[in-house]
Structures are given as structure tokens and as C-alpha cells.
Amino acid sequence: MSIVHLPAICLKNVRRQYDDGAGNKKTALDIAELKIQPGELVAVIGPSGSGKSTLLQLVGGLDSPTAGSIDVAGLRISGMDEKQKTIFRRENVGFIFQAFHLVPSMTVVENAALSSIVAGQGGFHWRADALVLLDQLGLLEYADRFPDQLSGGQRQRVAVARALFGAPSVVLADEPTGSLDSGNRDIVLRLIRDAIGVGLRTSGLIVTHDPYAASYADRIIALRDGKIVGQLDLTLNGPPQEGESHHDERVRSWFAATSL
Amino acid sequence: MMSAFARGLRQLRFDFPRYGVAAVALVFGVALIFGTVLTSKSINDQLSQGVGSLSGIGDVAVVPAIPGTTVPESAGRAVADLPGVATPIPTLARNTSVRPTGTDGAGHPLTITGYPTTFNTELQRMRPELRGGLPAANKPEALVPSDVASRLGVDVGDWLVVASSGGTTQLRVAGVFNGRILGPLAYDNIFVDLAYAQTMFNQQGQVSRADIQLVAGHSAERWQSEYSSSLPPQFKVQDTSALSSSLGPLIAVVSLILMIASCTVLGISVLLSATAFQSVVNARRLSYGVMRAVGARGSWLAGAVLCEALMLTFACSLLGLGLGFGVSWVLNQGLSSIGNIPPAAVAAELWQVLLAILSGVAAGCAGAVRAIIKVLRQAPLTAISPEAADRRSGQRLHAAVGVTLLALGAASYWLDPVIVKLVGFVLSLAAAGLLAPLILEATATLEIFKRWTAKAAAQRLRKHASLDSTTAIMGIVVCLGAALVIGVGSVRSAMMEQIARQFGADIQISSTTPITEKLDERLESIEMIGKVSDTVWDRGALQFQGTSSNVAILAVDPNSYFATAQLPWRRGSDGTAPVALEKGGAVIIPEALAASHDISLGDTIRLDRAGKTLSLRLVGTYASLATGNQVVMSRDEAAELGISGSNGWNVEARPGVDVTALRNTIADSVADIPGVSVITAAKMKERAESELGSYTGAAFGIVVLALSLGAVSAAGLFSVGVARREKEFGMLRAIGATRGDIMRLVTLDAILIGIAALASGLLVGQFAGWVLTQLVAGALGVALSPPVPVLAFGGIAIVTLAALSLAAIGPGRRAARIQPVAALKTD
């Protein structure tokens with residue numbers, strides 16, 4: 001008997017429209033179907049205004065679709081109210097932002113375990129778990145420092161730790177390497193890549209402009225004017241190896257072909 | 001290259017909203033300072049001009065050496081023999097009550113001034129807009145200023161009932177004129193023939209003032225400098241200080257409180273300016289970094305910020321000047337109604353304008369200094385360097401300075417000069433401001449917070465100094481509030497103690513003018529009365545070892561007085577002092593007066609009045625607040641100083657008698673005499689409490705006003721904080737924090753700040769209150785002991801926390817409305 005995995009993220013007939021201020025409806029996103037499997041890392045690319053951020057916001061429960069359904073980790077989030085979405089985010093989603101957004105008055109370990117702290121979970125469990133995670137990310141020695149005592153790369157690694165803490169169902173990253181130099185970019189992308197797919201528990205969605213960052217994904221989706229205009233499956237060549245991004249050249253060619 | 005001024009102006013126009021709260025505080029600070037100096041100067045000027053204004057008839061005025069007393073007319077004639085004197089014009093002024101005939105009640109408090117009607121012709125030459133005629137010699141006729149006539153509702157030919165020594169006197173209104181031609185000294189005066197006035201008030205041959213007409217070629221100033229020392233000893237040239245002696249302490253106390261309030265508001269302005277400029281400079285950090293990167297010098301950038309600060313503070317100071325005229329108008333109206341003088345004409349002088357503008361500019365620029373230094377040190381590559389956190393530093397230095405200032409402030413309690421105490425008070429306020437952020441840090445360190453929001457708020461406040469200025473402002477405000485409450489409380493407790501003892505008789509009767517008619521006989525006919533003791537009140541001078549003080553004299557019959565009233569003793573007692581007074585040759589004086597002259601029990605002092613002198617031994621001192629510098633002596637000895645008649649009666653009811661009914665009976669029996677009031681002890685206490693209540697209310701009003709100002713500034717700073725933390729709140733919302741969590745994060749900041757401000761403000765405020773109590777005691781000439789007003793402190797705590805929580809609601813709600821997507825936005 002084979003095990004059938006439900007998609008970690010499933011969008012059906014999703015449309016998000018905004019009022020453009022002149023009484024007209026502007027469609028920011030219009031996706032007939034998008035499925036992301038458990039353990040899969042998907043990069044979303046596209047020019048400015050193509051709907052990348054809207055997609056991320058909808059999947060992360062930060063926004064609601066005008067039409068259609070969105071299921072994440074088996075939960076129908078498109079019908080959730082504000083409170084339910086807050087709990088959904090707390091329990092199922094890890095965010096990585098371009099500008100890190102660490103809480104400056106909290107230590108590294110506290111920032112890493114922020115989702116547990118926000119959930120009001122007392123005791124030392126979160127600290128022990130966060131220290132383990134920081135150790136894996138090479139940040140153990142900085143655990144009790146404050147964000148302003150870290151470099152940019154170290155800060156984004158803390159942000160990654162925060163996103164991965166508690167093994168969320170999905171990790172959503174918005175231009176995670178946009179503020180990093182090339183050395184730190186590789187480290188952060190590798191961390192994300194390695195964390196996704198462990199035991200098929202966590203899936204990932206990365207929004208990026210950068211072909212190099214996109215090349216770490218299993219699949220790349222191209223958006224234009226809110227619609228999916230192309231997909232590239234990178235799993236055919238196998239996963240990239242430690243310190244490498246084997247799909248980089250292929251991705252660049254695909255970017256060029258799709259005029260992105 | 002664009003000048004620093006032009007760049008500063010452009011920056012100011014762009015960022016003006018960020019300065020809003022600081023600008024408002026600056027405007028108010030300048031307005032308070034300008035209004036205070038303007039008012040005290042204009043009232044003092046008015047009083048100075050008043051010396052010469054009645055001498056629209058004369059050129060120089062001479063008055064009794066002991067204010068409030070009279071001198072023999074013969075002394076006035078001696079003035080005529082001095083070189084340069086053409087004619088002296090003697091007058092006699094007496095305060096009394098007046099009402100139109102056919103009306104009831106206590107009447108209107110007015111002054112009857114007798115003048116020689118031989119000067120009527122001269123008066124007419126002054127174009128007095130006269131209707132009717134002028135008073136004739138030795139006739140019961142009065143010349144009434146038109147405003148007084150209108151208030152009394154009388155016109156030419158009507159009759160007035162005036163309280164006088166014989167009970168009452170009726171005067172016919174001979175004429176109505178424009179009193180303003182005689183200036184402020186004629187305010188609320190009714191003019192009668194001198195001889196008639198002397199008869200009315202049993203002051204035959206006495207005058208209270210003489211206006212001197214000089215011969216041509218003599219100026220008033222030269223005559224004063226050459227001949228004032230040749231005046232008869234009973235007279236002296238009238239000067240502003242003598243004239244304003246009654247209003248002086250009031251102006252001094254009001255000016256003192258307003259100057260303290262002005263300094264506090266300016267201090268708050270400094271902190272608010274500092275925060276505003278820091279916030280603005282932080283927001284421009286990237287722009288400055290880019291400009292430095294492309295070659296701009298730090299001084300080039302800082303020059304524009306300095307110009308910006310100068311323009312902002314100058315504009316605020318100008319607005320403050322405008323508002324200051326309004327403040328001055330309000331103060332003028334209040335002080336003139338209390339001091340019974342017409343409102344002064346407000347005219348600003350250059351030095352006042354410069355002082356106010358410089359105060360505002362200095363306060364604002366002092367606030368901008370740190371921001372300017374930061375711009376001077378601006379690094380060129382800010383755009384890619386990590387943002388420096390607003391972390392705490394130098395706590396030990398702050399603590400050391402704060403404790404030192406507190407110690408200096410507390411030490412001023414034991415030091416004498418008023419200016420030292422004033423400086424001590426200001427240092428205490430500064431100490432409260434310095435210590436509050438340190439207490440905030442200590443409070444945030446306590447492991448008492450359970451919820452993550454409380455822990456996060458505490459942790460942030462412990463590490464970051466961004467809300468330190470708010471905490472300092474609130475610490476100062478609470479300290480000022482606590483000190484004011486202590487000051488008012490000390491006045492209240494001293495006054496209530498005196499009222500309970502000295503005015504404890506069942507019923508008190510008082511008259512505006514001493515009357516020689518034996519009112520006792522009328523009272524004795526009322527069966528419900530048990531005991532009556534009559535007193536008389538006048539003025540004199542106390543001399544001791546070469547020092548002198550003008551005092552009020554309360555002459556009592558020791559046999560009966562102490563059976564109806566007691567004094568709040570400080571030295572002596574109910575058992576010893578009254579007995580000594582009865583034996584004769586003794587006097588009781590206020591403790592503050594004894595302390596200021598270093599007089600001990602048993603010392604002999606001299607009392608002078610109307611050219612007569614008495615030596616008396618000090619047998620007791622008492623806490624005098626309601627009665628000021630009032631010495632108590634026996635009636636028999638007071639008669640030797642020319643004090644006669646009675647203007648006060650203490651009445652004890654027979655046991656079981658309804659005091660209110662007795663009061664009504666007495667009021668009916670004296671209804672024909674205007675200016676006589678009859679009041680029960682309970683009513684007097686109630687009235688005193690109501691009066692004190694209004695002072696307490698005013699003090700609490702200032703506290704609430706200051707707290708509101710602090711809360712408004714806190715709200716502004718919370719808003720700035722929320723705007724700066726938008727992405728942090730967005731991220732917290734994105735990872736699962738609820739709107740309530742975000743709201744709590746902001747309001748907990750406010751509550752923790754409130755706790756720290758209260759701890760610092762109430763603790764330091766206790767010391768500042770002691771110093772303020774001494775300042776008030778010094779201004780009023782009394783001895784006060786500061787209380788520990790636990791309930792009032794509780795009130796301040798509740799109001800402070802409520803004000804800060806309210807201040808946090810708006811920014812908290814804005815923070816809670818921040819969408820999680822805010823974290824996804826890029827700058």
C-alpha cells in the first residue's frame with residue numbers, strides 16, 4: 001500500500017483583487033491551481049507587481065483571497081477569521097523577511113524562539129530547543145547577545161532560526177537574501193534548503209528576484225500580471241550538493257527564455 | 001552652495017509635524033515666562049505711578065511711617081515749613097462698608113477719603129466730568145466715582161449709609177465724577193470733607209496722608225532727595241514698596257509659583273525637543289549617510305540642523321509672546337481683583353521680549369544639542385552599516401548626578417536665603433527627572449512579569465533608552481505635583497489649627513470699622529448669650545534690637561477673650577500666656593515674627609503707633625497663618641497707643657441654645673450697621689474650608705494640568721515609538737501575536753513608565769515639598785510644617801497611571817491595527 005501525501009499548500013481558483021482608488025478592480029493574483037507538496041521548496045519569481053508578495057501573503061494567512069480556496073497544512077485558511085489566522089500563523093508558518101526584523105531588545109535565543117514566547121509558552125523548553133537549533137546554525141556562541149551585536153548574515157541566520165523553530169508546516173521567505181553579501185547568501189540559502197523536506201514535515205515558498213537564490217528550490221514558478229506563466233522542475237537533476245547550486249546555469253537560461 | 005539657513009528652513013518645512021508636541025510645550029513655556037514678567041512689572045509700574053497719580057493735585061505724597069496708621073494733623077502742618085513746599089493737602093482714608101439707604105445687608109467694602117474741601121476749585125479744574133456738586137465743608141456730603149455709583153445703584157441726591165465709629169452715618173451723594181482722573185489710588189474711594197471724615201471715624205485731628213504741592217522750580221525727585229530726611233518723624237515719602245505692601249506678598253507668591261511652573265514647562269520642552277530632534281535626525285540617517293558619502297562635511301549637515309532648531313524655537317517663542325499677552329491679561333484681572341486695584345495697562349518692554357525669546361530659543365536649542373552632535377559624527381556609510389540601538393549608557397553617572405542633585409536640593413531645606421531654596425527646589429525637580437529612568441530600568445529588571453508581553457516590554461525598557469525622556473518628564477511632573485500638594489497641605493493644616501482654636505467661639509461678629517458705640521449693651525440684652533468678648537484691630541510697628549516690622553495689633557480683654565478663644569501656641573500655653581497678658585506689660589506674637597527677629601520668651605519688644613510707644617515683654621508665640629503678622633496685647637495697654645473702639649466680638653452661647661437661632665437674633669439686632677457681619681463658628685470653619693478647598697483645587701488643577709501636558713507629550717512620544725516599531729509589530733503579528741498582545745506591549749510601556757515616575761517623583765517630591773513649604777512660609781511670613789499627604793499621593797498615583805494609560809491608548813490602537821504585511825514592506 002502506498003502512502004498518499006496531501007499537498008502542504010493547495011490553491012484553487014484563487015483570485016485577489018484590489019480597488020485601485022478610482023473605483024476599478026485590479027487583479028493582483030489569479031491562480032487556477034497551485035499545489036506544493038510536503039518537503040518541497042518552491043521559488044516564486046516575477047517582475048515587480050507580478051503578484052509574488054500577494055501570493056506569499058495569502059499563503060501565510062496575512063491576507064484573504066477575493067475568491068477561491070487556500071489550504072495549508074490541511075487547513076482551509078481562506079475562510080478563517082482574524083483570530084483563527086493568528087493562531088494558524090503561530091502554529092504552522094515560519095516567516096523570513098528581507099530586513100530580518102529581529103526584536104532589538106531580545107537576545108538571539110529569545111528571537112529564535114519568538115513564536116513560542118508569543119504563544120505564551122513558559123518554562124525552559126523553548127530555550128533548550130532554540131539552543132539546539134542555534135547550534136545547528138552555528139550561532140550557539142551568540143545565543144545571549146543582542147541583534148545589534150551581530151553582522152547582517154548572522155542576523156538573517158537568526159531570522160531563519162526563528163522561522164524554523166517549532167518545525168512549522170511551511171516556511172515563507174520574502175527575498176531572504178536581498179540584504180546579504182554573496183557569502184552569507186549561500187549560507188542562508190543552504191540553511192533553508194537543508195531545513196525543508198526533513199522528514200517531509202516542512203515545505204517552503206521563497207519569493208525572490210534572484211536566479212541564484214531560486215536555483216536552490218525544487219521548483220520555480222514564474223508569475224506575470226498575477227498569473228502563473230511558467231514552471232521549472234529542478235528535481236530532475238537531483239538535489240544540489242553542499243556548497244553548490246547546480247541548477248544555477250539552467251535557471252539562468254530559463255530566466256532568459258521566459259524573459260524574466 | 002545652499003546656505004545652512006535655507007537648508008534648515010527646507011528641512012523644517014518637511015519635518016514640521018514631528019516637532020508638534022515639543023513646539024506646543026515651547027510655546028506654553030515662553031507664554032508663561034513672558035506673561036509672568038509682564039504682569040509683575042505692569043502691576044508694580046501701576047503702583048509706582050499711583051504714588052503720583054493722586055498728586056494730580058499734589059507733586060509728592062507723604063504717608064505715616066507706620067503703614068495703616070494715622071498721624072496728627074499738626075505734623076502735616078510741619079511739612080508746610082519745609083523748603084519748596086507750597087501747600088500740603090492732608091487726607092484721611094478709612095476702609096468701611098457702604099450701602100444705599102433703604103437696603104439691607106453688609107454693604108460694599110469701600111474707602112472713605114476725607115480731603116480739605118478748600119481744594120474743590122482745583123479739583124474742578126481737572127475736568128472731572130462732574131454731575132452735581134462737590135462736598136461742602138463739614139456737611140454729610142459725598143463725591144462718588146461713577147463706577148462706584150453704578151455699583152451701588154445711586155445717583156446725585158441719593159443717600160448712603162456708612163459704617164462709622166458711632167455706628168452708622170448717612171451721606172448725601174453731592175456729585176458723581178470720573179474717578180479715573182485721580183488714578184489707581186482713588187479706586188473704590190468715596191470723597192467727603194476732611195473734618196467730617198475725622199468726626200465719622202473718631203479720628204479728630206488725624207490724617208493718613210498728605211499730598212504736597214511744590215513751589216515752581218522744584219521737581220518731585222529733587223525735593224525727595226533733598227528733604228525727605230527733614231520730614232517729621234511720623235511721616236515718610238510714599239514709595240512703591242510701601243504702597244504695594246499689601247499686594248507685594250501676593251505678587252511675590254504668584255510670581256514664584258508661575259516662575260517655577262515656567263521653568264518646569266521649559267524643562268519639559270528641553271526633553272521634548274531632544275526627543276523630537278533625535279527622532280528627526282534618526283529618520284534622516286540614511287540621507288545624511290549618503291550626503292556624507294558624496295563629500296558633505298558633518299559640520300555642513302549639523303549647521304542646517306542648528307539653523308532648523310533656531311528657526312523652530314524662534315517661531316515658537318514668537319507664538320509664546322502672543323499667548324503671553326493673554327496669560328498676562330488673565331493674571332492682571334485676577335491680581336487686580338484680589339488687590340482691589342484697577343487692572344494695569346499691559347505694555348511689553350524690549351528686555352521682557354528678549355528674555356522670553358531667549359528662554360525659548362535656549363530651551364529648544366539645548367534639546368537639539370545631542371542631535372546636532374550626532375549629525376556631526378555621522379558616518380558616511382550608514383546605509384550599509386547596522387543600525388545602532390538606542391541603548392542605555394552612563395547609568396552610574398546619571399545615578400551619581402541624580403543623587404547629588406537630590407542631596408543638594410534636600411540640603412537647601414536647612415539653608416536660609418530664599419534663592420538657595422529656590423535653586424534647591426529646581427535641583428530636586430531635576431533629580432526626579434534623572435532618577436526616574438534609572439528606577440524604570442531597575443523596575444524592568446524585577447522578575448515579576450508573567451505574560452510574554454510584560455516580559456518583552458520590561459526587557460525593552462531595561463535595554464533601550466528610547467522612552468527615558470518620557471519617564472523623566474513624568475518624574476518631574478509627579479515631583480512638582482507632590483511638592484505642590486505638600487505645600488498646600490501645610491498651609492491648610494496650619495490654617496485649620498488656628499481657625500479651630502482662635503476662632504472657636506460659637507459666634508463671631510466683625511465690623512469693617514472700629515465702632516465706639518457699646519455694641520456689648522445691645523448684645524447683653526439678648527438672653528441666649530452667655531459670654532461676650534470684644535476686640536479691636538489696628539496697625540503699628542514692632543521694634544526689637546534695631547530691627548523693625550510692621551504688624552497688625554489685636555487688642556483683647558484678657559479676662560474675657562481667652563474664655564472664648566485660644567491661640568495655636570508654639571511657645572507659651574493656655575495656662576501661662578493669658579495670665580501674663582492679664583497682669584499687664586505683656587505681648588504675644590506670631591512664631592514666624594519671633595524667629596525672624598530672634599526674639600525669645602521674656603525679651604522686651606517695643607510697639608510704636610501714631611507717635612506713641614509701649615515696651616512689652618514677650619510671653620508667648622503662636623502659629624499665625626489666617627491672621628499674618630498679628631500681635632496680641634491687652635486692650636488697656638492698646639489704648640495708650642491710641643487704639644480704641646471695637647471691631648470684633650466673640651460670643652459664647654448659653655448651654656443648650658441653638659447657635660444658628662442666636663446668630664439670626666444677633667444679625668437682626670445689628671442690621672442697621674453696614675459692614676457688620678455675624679457668623680457661627682461652624683459657618684466660619686465651613687467658609688475657611690471652602691476657601692482652602694479652592695486653593696487645594698487650584699493646586700490639584702496645576703498638577704492635573706502638568707500631568708496632562710506630560711501625558712500629551714508621552715502620547716506624542718509613544719506615537720513616534722509605534723511608527724519606529726511598525727515592522728517589529730508587523731513581524732510579531734505575522735508570527736502569531738494577537739492585536740491584544742500588541743496593544744498590551746504599548747500600554748505596559750506606559751504603566752511601567754508611570755510606576756518609575758511615581759517612585760521617583762513622590763520620593764523626591766517629598767523633599768521638594770519640604771523646600772516649597774519653606775518658600776511659601778517665607779513668602780507668607782509664617783511657620784509651616786510639611787505633612788505627609790498619603791491620600792493625596794494616592795490620588796496623584798491614580799491620576800498619573802490613568803493619564804499615561806490614556807496617552808497610550810491611541811498609539812496602542814494604532815500599533816494593534818498594524819497589519820502583519822507591514823513586515824514584508826521594504827523601505
# chains A, B, ... in the order shown; residues from 1 in each chain; ligands from 1
>>> closest_atom_pairs(of="chain A", to="chain B", cutoff="6 Å", atoms="only C-alpha atoms", output="Markdown table")
| residue | atom | partner | partner_atom | distance |
| --- | --- | --- | --- | --- |
| A:Thr86 | CA | B:Gly736 | CA | 4.8 |
| A:Ile87 | CA | B:Gly736 | CA | 6.0 |
| A:Arg89 | CA | B:Gly736 | CA | 5.4 |
| A:Arg90 | CA | B:Gly736 | CA | 4.1 |
| A:Ser105 | CA | B:Arg460 | CA | 4.7 |
| A:Val118 | CA | B:Ala737 | CA | 5.8 |
| A:Gly120 | CA | B:Trp452 | CA | 5.9 |
>>> select_by_dssp(residues="range 94-260 of chain A", states="strand (DSSP E or B)", output="ChimeraX atom specification")
/A:94-96,170-174,203-207,219-224,227-233
>>> write_last_selection(atoms="C-alpha atoms", output="PDB file, in the first residue's frame")
ATOM      1  CA  GLY A  94       7.621  30.394   9.724  1.00  0.00           C
ATOM      2  CA  PHE A  95       8.446  33.735   8.102  1.00  0.00           C
ATOM      3  CA  ILE A  96      11.770  35.011   6.857  1.00  0.00           C
ATOM      4  CA  VAL A 170       5.505  25.919   5.832  1.00  0.00           C
ATOM      5  CA  VAL A 171       8.351  28.388   5.702  1.00  0.00           C
ATOM      6  CA  LEU A 172       7.656  31.529   3.727  1.00  0.00           C
ATOM      7  CA  ALA A 173      10.616  33.657   2.746  1.00  0.00           C
ATOM      8  CA  ASP A 174      10.390  37.108   1.194  1.00  0.00           C
ATOM      9  CA  SER A 203       7.537  22.902   2.810  1.00  0.00           C
ATOM     10  CA  GLY A 204       8.877  26.236   1.624  1.00  0.00           C
ATOM     11  CA  LEU A 205       7.951  29.128  -0.589  1.00  0.00           C
ATOM     12  CA  ILE A 206      10.619  31.661  -1.479  1.00  0.00           C
ATOM     13  CA  VAL A 207       9.827  34.889  -3.247  1.00  0.00           C
ATOM     14  CA  ARG A 219      10.608  24.032  -8.446  1.00  0.00           C
ATOM     15  CA  ILE A 220      10.398  27.570  -9.773  1.00  0.00           C
ATOM     16  CA  ILE A 221       7.129  29.276 -10.599  1.00  0.00           C
ATOM     17  CA  ALA A 222       7.107  32.365 -12.782  1.00  0.00           C
ATOM     18  CA  LEU A 223       4.388  34.933 -12.253  1.00  0.00           C
ATOM     19  CA  ARG A 224       3.367  37.783 -14.509  1.00  0.00           C
ATOM     20  CA  LYS A 227      -0.895  34.585 -13.354  1.00  0.00           C
ATOM     21  CA  ILE A 228       1.457  31.618 -13.457  1.00  0.00           C
ATOM     22  CA  VAL A 229       3.243  31.908 -16.759  1.00  0.00           C
ATOM     23  CA  GLY A 230       5.795  29.143 -16.387  1.00  0.00           C
ATOM     24  CA  GLN A 231       7.221  26.435 -14.152  1.00  0.00           C
ATOM     25  CA  LEU A 232      10.619  24.795 -13.985  1.00  0.00           C
ATOM     26  CA  ASP A 233      11.116  21.498 -12.170  1.00  0.00           C
TER      27      ASP A 233
END
>>> residues_around(residues="range 68-71 of chain B", least_positions_apart="2", cutoff="9 Å", atoms="only C-alpha atoms", output="list of chain:residue names")
B:Val63, B:Pro64, B:Ala65, B:Ile66, B:Glu73, B:Ser74, B:Ala75, B:Gly76, B:Leu92, B:Gln203, B:Gly205, B:Gln206, B:Val207, B:Ser208, B:Arg209, B:Gln234, B:Phe235, B:Asp538, B:Arg539, B:Gly540, B:Arg609, B:Ala610, B:Gly611
>>> residues_around(residues="Glu497 in chain B", least_positions_apart="4", cutoff="12 Å", atoms="only C-alpha atoms", output="ChimeraX atom specification")
/B:490-493,501-504,566-570,622-626,685,688-689,784-785
>>> write_last_selection(atoms="C-alpha atoms", output="mmCIF file, in the first residue's frame")
data_model
loop_
_atom_site.group_PDB
_atom_site.id
_atom_site.type_symbol
_atom_site.label_atom_id
_atom_site.label_comp_id
_atom_site.auth_asym_id
_atom_site.auth_seq_id
_atom_site.Cartn_x
_atom_site.Cartn_y
_atom_site.Cartn_z
ATOM 1 C CA SER B 490 0.987 72.517 55.081
ATOM 2 C CA VAL B 491 -0.879 75.807 54.611
ATOM 3 C CA ARG B 492 -4.178 74.022 55.100
ATOM 4 C CA SER B 493 -3.245 72.212 58.303
ATOM 5 C CA ARG B 501 -8.565 77.442 68.276
ATOM 6 C CA GLN B 502 -8.580 81.177 67.744
ATOM 7 C CA PHE B 503 -11.941 81.358 66.021
ATOM 8 C CA GLY B 504 -13.620 78.664 68.056
ATOM 9 C CA GLN B 566 -7.359 80.223 72.359
ATOM 10 C CA LEU B 567 -4.290 80.548 70.238
ATOM 11 C CA PRO B 568 -2.377 77.743 68.474
ATOM 12 C CA TRP B 569 0.619 78.044 70.796
ATOM 13 C CA ARG B 570 4.152 77.441 69.707
ATOM 14 C CA TYR B 622 1.591 81.210 68.188
ATOM 15 C CA ALA B 623 1.247 79.873 64.639
ATOM 16 C CA SER B 624 -0.375 82.665 62.710
ATOM 17 C CA LEU B 625 -1.473 81.944 59.194
ATOM 18 C CA ALA B 626 -5.007 83.278 58.880
ATOM 19 C CA LYS B 685 -14.923 76.784 59.507
ATOM 20 C CA ALA B 688 -12.406 78.598 55.564
ATOM 21 C CA GLU B 689 -12.531 75.016 54.344
ATOM 22 C CA LEU B 784 4.623 75.814 58.401
ATOM 23 C CA SER B 785 5.225 72.118 58.957
#
>>> atom_distance(atom1="CA of Val79 in chain B", atom2="CA of Glu226 in chain B")
13.6 Å
>>> residues_around(residues="Ser182 in chain A", least_positions_apart="4", cutoff="12 Å", atoms="only C-alpha atoms", output="list in words")
Gly152, Gly153, Thr177, Gly178, Asp186, Ile187, Val188, Leu189, Asp210, Tyr212 and Ala213 of chain A
>>> closest_residue(among="B:Ile507, B:Ala552, B:Val764, B:Ala682", to="Thr627 in chain B", atoms="only C-alpha atoms")
B:Ala552
>>> closest_residue(among="A:Asp81, A:Glu91, A:Asp218, A:Asp30", to="Ala67 in chain A", atoms="only C-alpha atoms")
A:Asp30
>>> residues_around(residues="range 605-608 of chain B", least_positions_apart="2", cutoff="8 Å", atoms="only C-alpha atoms", output="CSV table (one decimal) with N, CA and C atoms, in the first residue's frame")
chain,number,residue,atom,x,y,z
B,540,GLY,N,0.5,98.9,63.6
B,540,GLY,CA,1.6,99.5,64.3
B,540,GLY,C,3.0,99.0,63.9
B,541,ALA,N,4.0,99.3,64.6
B,541,ALA,CA,5.3,98.8,64.2
B,541,ALA,C,6.0,98.1,65.4
B,542,LEU,N,6.6,96.9,65.2
B,542,LEU,CA,7.3,96.2,66.3
B,542,LEU,C,8.8,96.5,66.1
B,543,GLN,N,9.4,97.0,67.2
B,543,GLN,CA,10.9,97.2,67.2
B,543,GLN,C,11.6,96.3,68.1
B,544,PHE,N,12.7,95.7,67.7
B,544,PHE,CA,13.5,94.9,68.6
B,544,PHE,C,14.9,94.9,68.2
B,603,ASP,N,12.0,88.4,76.4
B,603,ASP,CA,12.6,89.6,75.8
B,603,ASP,C,11.6,90.7,75.8
B,610,ALA,N,1.3,105.9,65.9
B,610,ALA,CA,0.8,107.2,66.0
B,610,ALA,C,1.7,108.1,66.9
B,611,GLY,N,3.0,107.9,66.9
B,611,GLY,CA,3.9,108.7,67.7
B,611,GLY,C,4.0,108.2,69.1
B,612,LYS,N,3.3,107.2,69.5
B,612,LYS,CA,3.4,106.7,70.9
B,612,LYS,C,4.1,105.3,70.9
B,613,THR,N,4.7,105.1,72.1
B,613,THR,CA,5.5,103.8,72.2
B,613,THR,C,5.2,103.1,73.5
B,614,LEU,N,5.2,101.7,73.4
B,614,LEU,CA,5.0,100.9,74.6
B,614,LEU,C,6.0,99.8,74.6
B,615,SER,N,6.6,99.5,75.8
B,615,SER,CA,7.5,98.4,75.9
B,615,SER,C,6.8,97.2,76.5
B,616,LEU,N,6.9,96.1,75.9
B,616,LEU,CA,6.1,94.9,76.3
B,616,LEU,C,7.0,93.7,76.3
B,617,ARG,N,6.7,92.7,77.2
B,617,ARG,CA,7.5,91.5,77.4
B,617,ARG,C,6.8,90.4,76.6
B,618,LEU,N,7.7,89.6,75.9
B,618,LEU,CA,7.1,88.5,75.1
B,618,LEU,C,6.8,87.4,76.1
B,641,LEU,N,-1.7,103.4,73.0
B,641,LEU,CA,-1.2,103.7,71.7
B,641,LEU,C,-2.3,104.3,70.8
